[in-house]
Structures are given as structure tokens and as C-alpha cells.
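Scroll down for the structure; my scribbles are underneath it.
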Amino acid sequence: MGIFDVDEKTEAPTPRKREESRKSGQVARSQDLSSAVLLFVSFLSLGWFGPALWRSLVMMLQAALGPEHPTNVSNILPLGVAMVRESLMRIAPFLLMILVSLLIVLYAQVGWLITGKPLMPSLSKISPLKGFKRLMSIKSLMTGIINFGKLLIVVTIAIFFIMNNLPAIMFAYTLEFYAAFQLGASLAYSLAMQMSAAMLLLALLDFAWQKYRHEQELKMTKEEVKDEMRSMDGDPKVKERRRRVQMQLALQRLHKDVPQADVIVTNPTHLAVAIAYDADNMPSPKVVAKGADYIALRIRQIATEAGIPIVERKPLARALYETVEPGEYIPERFFLAIAEILAFVYELSGGGPPKSKGGSTKRKAPMAAV
């Protein structure tokens with residue numbers, strides 16, 4: 001990396017950066033996609049429910065204005081209520097389809113997100129200088145070019161549609177009113193569907209662009225990633241002091257617990273498990289201490305100083321280290337192996353426990369390994 005690349009944002013955003021951006025309302029979202037979906041679904045719903053709605057409105061008007069239902073003060077209110085109720089029933093599926101489609105497209109873009117931060121007042125939003133900078137930025141220029149391209153595509157589609165249907169449009173005057181009206185409605189609906197479909201496709205491309213641009217804006221420099229890791233994990237010096245304190249406390253516990261053991265089971269150097277058993281006070285043998293690497297070394301050193309036998313049993317030491325915590329009794333499946341070790345240790349100690357539970361028996365000389 002060269003000297004000029006130090007501040008380049010080349011690193012993928014961390015989960016924390018993504019979450020903070022999301023909470024602040026900065027998400028990849030296309031306004032054009034919501035508008036295009038609304039327009040496309042509206043025309044699609046109109047094609048599905050429009051004919052039935054039109055027939056219903058015509059029937060209601062014929063019933064209201066026909067000679068068999070003369071309009072007077074007594075029946076105008078019930079007639080109006082019936083017309084409104086019928087209109088709402090007919091238009092409800094149309095509105096429901098639009099609402100559901102909008103909710104789906106919004107959820108597909110940003111998921112479930114409720115935040116008021118974008119609505120919070122900020123001086124940068126009303127600053128004329130920053131507003132002018134945003135207006136003259138490369139981002140605004142690209143947005144303007146893209147919008148002009150979208151308009152050009154839509155206008156081109158409209159021109160080609162009109163050119164393809166120009167003969168029908170030119171001879172529409174020869175048709176009767178109802179036929180001409182149907183032709184006009186059909187052509188207008190076809191043009192609207194083609195234009196809305198094109199706008200939907202362009203909006204999907206715009207969403208992909210917004211998502212890419214948002215990802216680029218979220219990228220971080222290597223130094224930002226390091227700073228965030230330090231803020232999440234804490235200062236390395238503080239962590240080191242914490243580790244030293246934890247190590248000191250662990251060693252203090254070892255100096256207290258290991259001398260209470262009857263035997264140390266090792267791996268032989270990587271793991272060490274201290275086991276104690278008092279038939280008068282314990283239902284089964286208990287692990288009083290365990291450790292790996294440096295802790296295992298300290299356990300063996302303390303055991304040697306205290307005259308506690310050290311027995312090498314690799315599979316047993318590994319199994320005990322992985323399954324039994326200090327202070328826990330040893331599971332029954334290990335009883336036979338532990339009994340053999342304790343019997344061997346008691347035999348070396350002269351037929352009894354290597355240390356007195358009452359504190360009066362002296363320990364035999366330490367055993368480096370058995």
C-alpha cells in the first residue's frame with residue numbers, strides 16, 4: 001500500500017457500522033422503485049377490477065336516473081348511501097392490492113425499520129452552502145444524467161407505441177362514439193402498461209445502483225476498522241492488565257486447591273487435572289483444579305512441592321479436562337479408571353490415602369510421574 005492509499009476506504013463495513021447506519025435511517029432504498037410499483041400495480045389492478053367497477057357504476061347511475069326510481073327528498077339519502085356502499089365494495093380490492101404491493105416493496109428494500117432520526121432537525125440540511133455543494137456534486141450530476149436517461153427511454157417507448165398504432169388512431173373518427181371510446185381506452189391502457197413496466201424495470205436497476213452506492217459509502221479505511229475493534233474489545237493495555245489480574249487470581253486458587261488433591265492426572269505436559277477423594281465426605285472423586293499449558297505446568301509444580309503423585313494418563317486427562325469443571329464430581333463413566341489410579345497411588349503411599357484428611361499424616365516424597 002502506498003503512502004497515498006492510507007485513507008482509502010477499501011475495507012468492507014463491519015456489522016456495527018451497518019447497524020449504526022441502519023438505525024440512523026441510512027439504507028439502500030430507491031424512491032423510484034416505490035413509485036414505479038405503485039404505478040404498475042395501479043394499472044394492473046385497473047385492468048383486473050376496472051371493467052367490473054365500470055359496469056357497477058353504470059348500473060347505479062341507470063338505477064338512480066331511470067324513470068322507475070324518481071328522485072325526491074325521501075329517497076335521495078338512502079340512494080346516496082347505497083351508491084357509496086356499492087362503490088366502496090367495488091373499489092376496495094383495487095385499493096387493497098395497491099396497499100399490499102407498497103408494503104411488500106418497502107419491506108423488500110429496508111426490512112422492518114422504524115426510526116425518527118432522518119426527521120430530526122439539522123443545520124446541515126438547511127445550510128445554503130452545503131445545499132449548493134450537494135447540488136454541484138458529482139453525485140447530483142450522475143443523478144441528473146440518470147433521470148434524463150429514464151425520461152428519454154419512457155418518451156421513446158411512447159413515440160414507438162404511437163407510431164405503431166397510428167393507423168388506428170387516424171381512422172378513429174370513422175367509428176361510433178362507443179367504439180371510439182373503447183379504442184381510446186384500450187390504447188391508453190396498453191400505453192400505460194408498457195410505460196409503467198419500463199419504469200419498473202428502470203426502478204429495479206436504480207435500486208441495484210443505490211444498493212451498490214450505499215455499500216461503497218459504508219466502506220471503511222483500515223484505521224477505522226482498527227479503531228472500531230479497539231472500541232469494541234477495549235484498550236489492549238487494559239485487556240493485558242485484566243489478563244494479568246485473572247492469571248494472578250487463577251494462580252492463587254491453584255495454590256489453595258491443588259494441595260487438597262490426592263493425585264494429578266496429566267497429558268503429560270499439555271493438560272493437568274487435580275483430583276481429590278475423601279470417602280467420608282465425598283460421594284465420588286472430585287476435580288479440584290485443572291489447566292492447560294502454563295496453568296498445567298503450575299499445577300504440576302505445586303503438586304511436586306506438596307508431594308502429590310503425578311500420573312500420566314493421556315486419554316483420561318483429556319476427557320476430564322473437556323467434560324468436568326473444577327468443583328464438580330467426576331461422572332460415573334470415569335469411576336473405574338479413577339479407582340485404578342487411586343488404588344495405585346494409595347499402594348505407593350503405604351496402603352492408605354497419600355494425605356491425611358485430618359491433617360496429621362505426613363506426605364511421602366513427591367513423584368514426578370508414574
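Ligands are numbered from 1 in the order shown, residues from 1 within each chain, and chains are lettered A, B, ... in the order they appear in the C-alpha cells.
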_So that I can check the surroundings of range 166-171 of chain A, please list as a list in words every protein, DNA and RNA residue that reaches within 12 Å of it, counting only C-alpha atoms and ignoring chain neighbours fewer than 5 positions away._
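Once the nearby chain positions are removed, what remains is Ala158, Ile159, Phe160, Phe161, Glu176, Ala179, Ala180, Phe181, Gln182, Leu183, Gly184, Ala185, Ser186, Leu187 and Ala188 of chain A.
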May I have the selected residues written with C-alpha atoms, as a short mmCIF file (atom, residue, chain, number, x, y, z; two decimals), in the first residue's frame?
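Saved result, selection_8.cif, follows:
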```cif
data_model
loop_
_atom_site.label_atom_id
_atom_site.label_comp_id
_atom_site.auth_asym_id
_atom_site.auth_seq_id
_atom_site.Cartn_x
_atom_site.Cartn_y
_atom_site.Cartn_z
CA ALA A 158 -44.42 6.35 -26.09
CA ILE A 159 -43.31 7.51 -29.55
CA PHE A 160 -42.86 3.97 -30.85
CA PHE A 161 -46.25 2.96 -29.43
CA GLU A 176 -69.20 5.35 -33.47
CA ALA A 179 -66.41 2.08 -30.30
CA ALA A 180 -64.10 5.11 -30.48
CA PHE A 181 -64.23 5.41 -26.71
CA GLN A 182 -63.33 1.72 -26.30
CA LEU A 183 -60.45 2.07 -28.78
CA GLY A 184 -59.09 5.11 -26.97
CA ALA A 185 -59.37 3.44 -23.59
CA SER A 186 -57.69 0.28 -24.88
CA LEU A 187 -54.80 2.19 -26.48
CA ALA A 188 -54.32 4.39 -23.42
#
```
*Spatial neighbours of range 212-217 of chain A, max dist 8 Å, only C-alpha atoms, sep filter under 4 positions, as a PyMOL selection string*: chain A and resi 13+27-28+208
Residue selection dump (C-alpha atoms) as a short mmCIF file (atom, residue, chain, number, x, y, z; two decimals), in the first residue's frame:
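This is the output file out.cif:
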```
data_model
loop_
_atom_site.label_atom_id
_atom_site.label_comp_id
_atom_site.auth_asym_id
_atom_site.auth_seq_id
_atom_site.Cartn_x
_atom_site.Cartn_y
_atom_site.Cartn_z
CA PRO A 13 -18.17 -2.31 6.56
CA VAL A 27 -30.34 2.37 3.99
CA ALA A 28 -30.22 1.38 0.35
CA ALA A 208 -29.38 -2.07 -7.65
#
```
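Nearest to Phe335 in chain A of all the residues A:Lys286, A:Lys222, A:Arg298, A:Arg243 is A:Lys286, based on only C-alpha atoms.
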*Tell me which protein, DNA and RNA residues are within 9 Å of Gln194 in chain A, counting only C-alpha atoms, leaving out same-chain ones fewer than 3 positions away, and put them as a VMD selection string.*
chain A and resid 157 to 158 161 189 to 191 197 to 199
*Got a sec to tell me which of range 165-368 of chain A DSSP assigns to strand (DSSP E), as a ChimeraX atom specification?*
/A:263-266,271-276,286-292,310-312
*Spatial neighbours of Pro15 in chain A, max dist 12 Å, only C-alpha atoms, sep filter under 4 positions, as an NGL selection string*: :A and (19-22 or 218-220 or 225 or 228-229 or 232)
*asked:* Give me, as number ranges by chain, all polymer residues having an atom no more than 12 Å from Leu316 in chain A, counting only C-alpha atoms and skipping those fewer than 4 positions away in the same chain.
replied: A: 264-268, 271-273, 275, 311-312, 320-324, 330, 333-338, 340-341
*Name the residues in contact with His270 in chain A at a cut-off of 7 Å, using only C-alpha atoms, excluding same-chain residues fewer than 4 positions from it; report them as a PyMOL selection string.*
chain A and resi 292-293+296
*With distances taken over only C-alpha atoms, which of A:Ala317, A:Arg29, A:Pro93, A:Ser34 is nearest to Trp48 in chain A?*
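Answer, going by the shortest atom-to-atom distance: A:Pro93.
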*Counting only C-alpha atoms, which of A:Pro285, A:Pro259, A:Gly327, A:Gly291 gets nearest to Thr304 in chain A?*
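Closest candidate: A:Pro259.
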*Shortest interatomic distance to Ser101 in chain A - which of A:Val84, A:Ala36, A:Leu53, A:Leu46, counting only C-alpha atoms*: A:Ala36
*Using DSSP on the backbone, list every residue of range 175-332 of chain A that comes out as helix (DSSP H, G or I), and give them as a PyMOL selection string.*
chain A and resi 177-218+222-233+236-260+294-306+314-323+332
Write a file of the just-selected residues containing C-alpha atoms, as a compact mmCIF listing (two decimals), in the first residue's frame.
```
# COMPACT_ATOMS: atom_id res chain seq x y z
CA PHE A 177 -68.78 7.09 -30.17
CA TYR A 178 -68.84 3.96 -28.00
CA ALA A 179 -66.41 2.08 -30.30
CA ALA A 180 -64.10 5.11 -30.48
CA PHE A 181 -64.23 5.41 -26.71
CA GLN A 182 -63.33 1.72 -26.30
CA LEU A 183 -60.45 2.07 -28.78
CA GLY A 184 -59.09 5.11 -26.97
CA ALA A 185 -59.37 3.44 -23.59
CA SER A 186 -57.69 0.28 -24.88
CA LEU A 187 -54.80 2.19 -26.48
CA ALA A 188 -54.32 4.39 -23.42
CA TYR A 189 -54.28 1.35 -21.13
CA SER A 190 -51.78 -0.51 -23.34
CA LEU A 191 -49.50 2.53 -23.47
CA ALA A 192 -49.76 3.00 -19.71
CA MET A 193 -48.89 -0.64 -19.05
CA GLN A 194 -45.86 -0.55 -21.36
CA MET A 195 -44.59 2.71 -19.86
CA SER A 196 -45.16 1.56 -16.28
CA ALA A 197 -43.43 -1.77 -16.99
CA ALA A 198 -40.45 0.12 -18.43
CA MET A 199 -40.38 2.42 -15.41
CA LEU A 200 -40.50 -0.60 -13.11
CA LEU A 201 -37.52 -2.18 -14.88
CA LEU A 202 -35.59 1.11 -14.66
CA ALA A 203 -36.51 1.40 -10.99
CA LEU A 204 -35.14 -2.09 -10.30
CA LEU A 205 -31.87 -1.06 -11.96
CA ASP A 206 -31.91 2.11 -9.89
CA PHE A 207 -32.35 0.09 -6.71
CA ALA A 208 -29.38 -2.07 -7.65
CA TRP A 209 -27.36 1.12 -8.21
CA GLN A 210 -28.50 2.60 -4.89
CA LYS A 211 -27.54 -0.60 -3.12
CA TYR A 212 -24.07 -0.58 -4.71
CA ARG A 213 -23.54 3.10 -3.93
CA HIS A 214 -24.69 2.64 -0.34
CA GLU A 215 -22.25 -0.24 0.06
CA GLN A 216 -19.42 1.94 -1.27
CA GLU A 217 -20.36 4.76 1.12
CA LEU A 218 -20.30 2.36 4.07
CA LYS A 222 -8.14 0.11 7.68
CA GLU A 223 -7.63 2.61 10.51
CA GLU A 224 -11.40 2.94 11.05
CA VAL A 225 -11.71 -0.83 11.30
CA LYS A 226 -8.87 -0.94 13.85
CA ASP A 227 -10.42 1.90 15.88
CA GLU A 228 -13.78 0.14 15.93
CA MET A 229 -12.22 -3.14 17.01
CA ARG A 230 -10.40 -1.31 19.79
CA SER A 231 -13.59 0.41 20.90
CA MET A 232 -15.48 -2.90 20.92
CA ASP A 233 -12.77 -5.03 22.51
CA PRO A 236 -5.16 -3.57 24.56
CA LYS A 237 -3.29 -2.30 27.64
CA VAL A 238 -6.44 -2.59 29.75
CA LYS A 239 -7.07 -6.07 28.36
CA GLU A 240 -3.49 -7.07 29.19
CA ARG A 241 -3.84 -5.80 32.75
CA ARG A 242 -7.13 -7.66 33.05
CA ARG A 243 -5.50 -10.86 31.84
CA ARG A 244 -2.68 -10.46 34.34
CA VAL A 245 -5.14 -9.96 37.19
CA GLN A 246 -7.14 -13.00 36.06
CA MET A 247 -3.94 -15.04 35.86
CA GLN A 248 -2.92 -13.97 39.37
CA LEU A 249 -6.32 -14.91 40.76
CA ALA A 250 -6.17 -18.26 38.97
CA LEU A 251 -2.72 -18.97 40.41
CA GLN A 252 -3.94 -18.05 43.89
CA ARG A 253 -6.77 -20.53 43.52
CA LEU A 254 -4.30 -23.16 42.33
CA HIS A 255 -2.11 -22.67 45.42
CA LYS A 256 -5.21 -23.15 47.54
CA ASP A 257 -6.92 -26.02 45.67
CA VAL A 258 -4.10 -28.18 44.26
CA PRO A 259 -2.65 -29.15 47.71
CA GLN A 260 -6.08 -30.65 48.53
CA TYR A 294 1.17 -22.73 31.63
CA ILE A 295 -1.60 -23.48 34.16
CA ALA A 296 -0.91 -27.19 33.74
CA LEU A 297 2.79 -26.52 34.42
CA ARG A 298 1.96 -24.59 37.59
CA ILE A 299 -0.35 -27.39 38.77
CA ARG A 300 2.47 -29.90 38.36
CA GLN A 301 4.93 -27.60 40.14
CA ILE A 302 2.58 -27.06 43.09
CA ALA A 303 1.84 -30.79 43.23
CA THR A 304 5.56 -31.58 43.26
CA GLU A 305 6.13 -29.13 46.11
CA ALA A 306 3.17 -30.57 48.03
CA LYS A 314 -3.42 -39.05 28.21
CA PRO A 315 -6.99 -40.06 27.16
CA LEU A 316 -8.31 -39.73 30.72
CA ALA A 317 -6.70 -36.33 31.26
CA ARG A 318 -8.14 -35.05 28.01
CA ALA A 319 -11.63 -36.40 28.75
CA LEU A 320 -11.69 -34.98 32.28
CA TYR A 321 -10.39 -31.60 31.12
CA GLU A 322 -13.11 -31.32 28.46
CA THR A 323 -16.09 -32.59 30.49
CA GLU A 332 -19.68 -42.45 36.75
```
